[in-house]
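Notes follow the structure.
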Amino acid sequence: MANITVISVGTLKESYLKDAVAEYKKRLSQYARVDEINIKEEKIQDEDDAAEIRRALESEADKIISAIPKGAGKIALCVEGKQYDSVTLAGLIGRMADGSGKIALIIGSSHGLSERVKRECDVRLSVSALTFPHQLMRVVLFEALYRSFTILAGKKYHK
């Protein structure tokens with residue numbers, strides 16, 4: 001059984017998003033052990049100050065990198081990442097699970113991830129060319145993970 005760690009900056013506030021993540025985590029539990037780590041988002045006083053944003057991202061990077069399980073395959077969710085279809089993503093997840101058995105997926109804040117975190121990762125994944133709120137991205141990621149494991153198991157969920 002694979003060990004999945006989803007590291008996210010910020011917390012889910014809306015109950016409907018929490019409920020959706022909980023549902024997909026429950027579904028995933030038959031295929032993988034799932035752990036969520038929430039990193040506190042750094043406060044930014046001036047959203048137009050690039051230096052302040054970089055400082056916040058670097059502070060978050062320290063916490064993210066220290067939270068990554070040793071030996072895990074690492075996937076950063078970022079806008080410049082590669083887009084995969086569901087079957088190809090399932091193959092990637094399957095290969096990582098067959099490797100160390102540990103996979104860490106990282107979702108940044110509304111400002112993204114520092115370059116240091118992205119360099120630390122084995123894969124840069126873009127879920128879509130569209131922009132999504134980072135809180136909603138958790139739901140999308142958990143659904144994509146569940147879909148990947150159902151594909152790998154030959155289940156009918158994937159169409």
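The way I read the labels, and the way they are meant: chains A, B, ... in the order of the structure tokens, residue 1 as the first residue of every chain, and ligand 1 as the first ligand shown, with later ones counted on from there.
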Range 115-138 of chain A near range 93-101 of chain A within 12 Å: what's each residue's closest atom pair and its distance in Å to one decimal, counting only C-alpha atoms, ordered by chain then ascending residue number, as JSON lines?
{"residue": "A:Asp122", "atom": "CA", "partner": "A:Met96", "partner_atom": "CA", "distance": 10.1}
{"residue": "A:Val123", "atom": "CA", "partner": "A:Met96", "partner_atom": "CA", "distance": 10.7}
{"residue": "A:Leu125", "atom": "CA", "partner": "A:Ile93", "partner_atom": "CA", "distance": 11.7}
What residues in range 37-107 of chain A get the DSSP label strand (DSSP E)? Please answer as a count of residues only.
-> 19
Got a sec to tell me which of range 59-121 of chain A DSSP assigns to helix (DSSP H, G or I), as a ChimeraX atom specification?
-> /A:59-67,86-99,115-120
Contacts of range 1-4 of chain A at 7 Å or less, counting only C-alpha atoms, minus same-chain residues fewer than 6 places along, as a list of chain:residue names?
-> A:Tyr31, A:Ala32, A:Arg33, A:Val34, A:Asp35, A:Ala97, A:Gly101, A:Lys102, A:Ile103, A:Ala104
Restricting it to N, CA, C and O atoms, dump the selection as a short mmCIF file (atom, residue, chain, number, x, y, z; two decimals), in the first residue's frame.
data_model
loop_
_atom_site.label_atom_id
_atom_site.label_comp_id
_atom_site.auth_asym_id
_atom_site.auth_seq_id
_atom_site.Cartn_x
_atom_site.Cartn_y
_atom_site.Cartn_z
N TYR A 31 -6.64 2.13 -1.13
CA TYR A 31 -5.47 1.99 -2.00
C TYR A 31 -4.18 2.52 -1.38
O TYR A 31 -3.09 2.12 -1.77
N ALA A 32 -4.29 3.49 -0.46
CA ALA A 32 -3.10 4.15 0.06
C ALA A 32 -3.37 4.71 1.45
O ALA A 32 -4.52 4.99 1.80
N ARG A 33 -2.30 4.85 2.21
CA ARG A 33 -2.38 5.59 3.46
C ARG A 33 -2.17 7.06 3.09
O ARG A 33 -1.23 7.39 2.38
N VAL A 34 -3.05 7.92 3.56
CA VAL A 34 -3.01 9.33 3.18
C VAL A 34 -2.81 10.20 4.41
O VAL A 34 -3.52 10.05 5.41
N ASP A 35 -1.83 11.08 4.30
CA ASP A 35 -1.55 12.03 5.38
C ASP A 35 -1.58 13.43 4.78
O ASP A 35 -1.08 13.64 3.67
N ALA A 97 4.75 4.84 -6.59
CA ALA A 97 4.31 3.94 -5.52
C ALA A 97 5.11 2.65 -5.54
O ALA A 97 5.43 2.10 -4.47
N GLY A 101 7.41 3.63 -2.46
CA GLY A 101 6.12 3.46 -1.79
C GLY A 101 5.61 4.75 -1.18
O GLY A 101 4.52 4.79 -0.63
N LYS A 102 6.42 5.82 -1.27
CA LYS A 102 6.05 7.10 -0.67
C LYS A 102 5.97 8.17 -1.75
O LYS A 102 6.88 8.29 -2.57
N ILE A 103 4.89 8.93 -1.71
CA ILE A 103 4.69 10.03 -2.66
C ILE A 103 4.28 11.27 -1.88
O ILE A 103 3.37 11.22 -1.05
N ALA A 104 4.96 12.38 -2.15
CA ALA A 104 4.60 13.67 -1.54
C ALA A 104 4.14 14.60 -2.65
O ALA A 104 4.84 14.76 -3.66
#
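Shortest atom-to-atom contact with Lys63 in chain A among A:Val9, A:Leu77, A:Ala22, A:Val139: A:Val9, counting only C-alpha atoms.
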Show which residues sit within 7 Å of Gln83 in chain A, as number ranges by chain. Count only C-alpha atoms, and ignore same-chain residues fewer than 5 positions away.
-> A: 125-128
Pick the closest to Ser86 in chain A from A:Glu42, A:Phe142, A:Arg27, A:Arg147: which is it, counting only C-alpha atoms?
-> A:Arg147
Counting only C-alpha atoms, which residues of range 11-58 of chain A fall within 12 Å of range 116-121 of chain A, and what is the closest atom pair for each with its distance in Å at one decimal, ordered by chain and rising number, as JSON lines?
{"residue": "A:Arg54", "atom": "CA", "partner": "A:Arg116", "partner_atom": "CA", "distance": 11.0}
{"residue": "A:Leu57", "atom": "CA", "partner": "A:Val117", "partner_atom": "CA", "distance": 9.3}
{"residue": "A:Glu58", "atom": "CA", "partner": "A:Arg116", "partner_atom": "CA", "distance": 7.8}
Take the residues from that selection and write them out as an mmCIF file, in the first residue's frame, keeping N, CA, C and O atoms.
data_model
loop_
_atom_site.group_PDB
_atom_site.id
_atom_site.type_symbol
_atom_site.label_atom_id
_atom_site.label_comp_id
_atom_site.auth_asym_id
_atom_site.auth_seq_id
_atom_site.Cartn_x
_atom_site.Cartn_y
_atom_site.Cartn_z
ATOM 1 N N ARG A 54 8.600 36.972 -2.176
ATOM 2 C CA ARG A 54 9.726 36.021 -2.224
ATOM 3 C C ARG A 54 10.138 35.579 -0.818
ATOM 4 O O ARG A 54 10.401 34.402 -0.573
ATOM 5 N N LEU A 57 7.562 33.128 0.432
ATOM 6 C CA LEU A 57 7.704 31.825 -0.235
ATOM 7 C C LEU A 57 8.911 31.060 0.292
ATOM 8 O O LEU A 57 8.857 29.833 0.458
ATOM 9 N N GLU A 58 9.996 31.753 0.566
ATOM 10 C CA GLU A 58 11.196 31.089 1.100
ATOM 11 C C GLU A 58 10.963 30.583 2.521
ATOM 12 O O GLU A 58 11.427 29.501 2.886
#
Length of the CA of Ile7 in chain A to CA of Val87 in chain A vector [Å] |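 So the answer is 23.3 Å.
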Which of these residues is nearest to Ala67 in chain A, using only C-alpha atoms: A:Glu41, A:Glu52, A:Asp46, A:Glu36?
->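 Counting only C-alpha atoms, the residue closest to Ala67 in chain A is A:Glu36.
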Of the candidates A:Ser109, A:Thr131, A:Asn38, A:Gln45, which one gets nearest to Glu80 in chain A if we count only C-alpha atoms?
-> A:Thr131
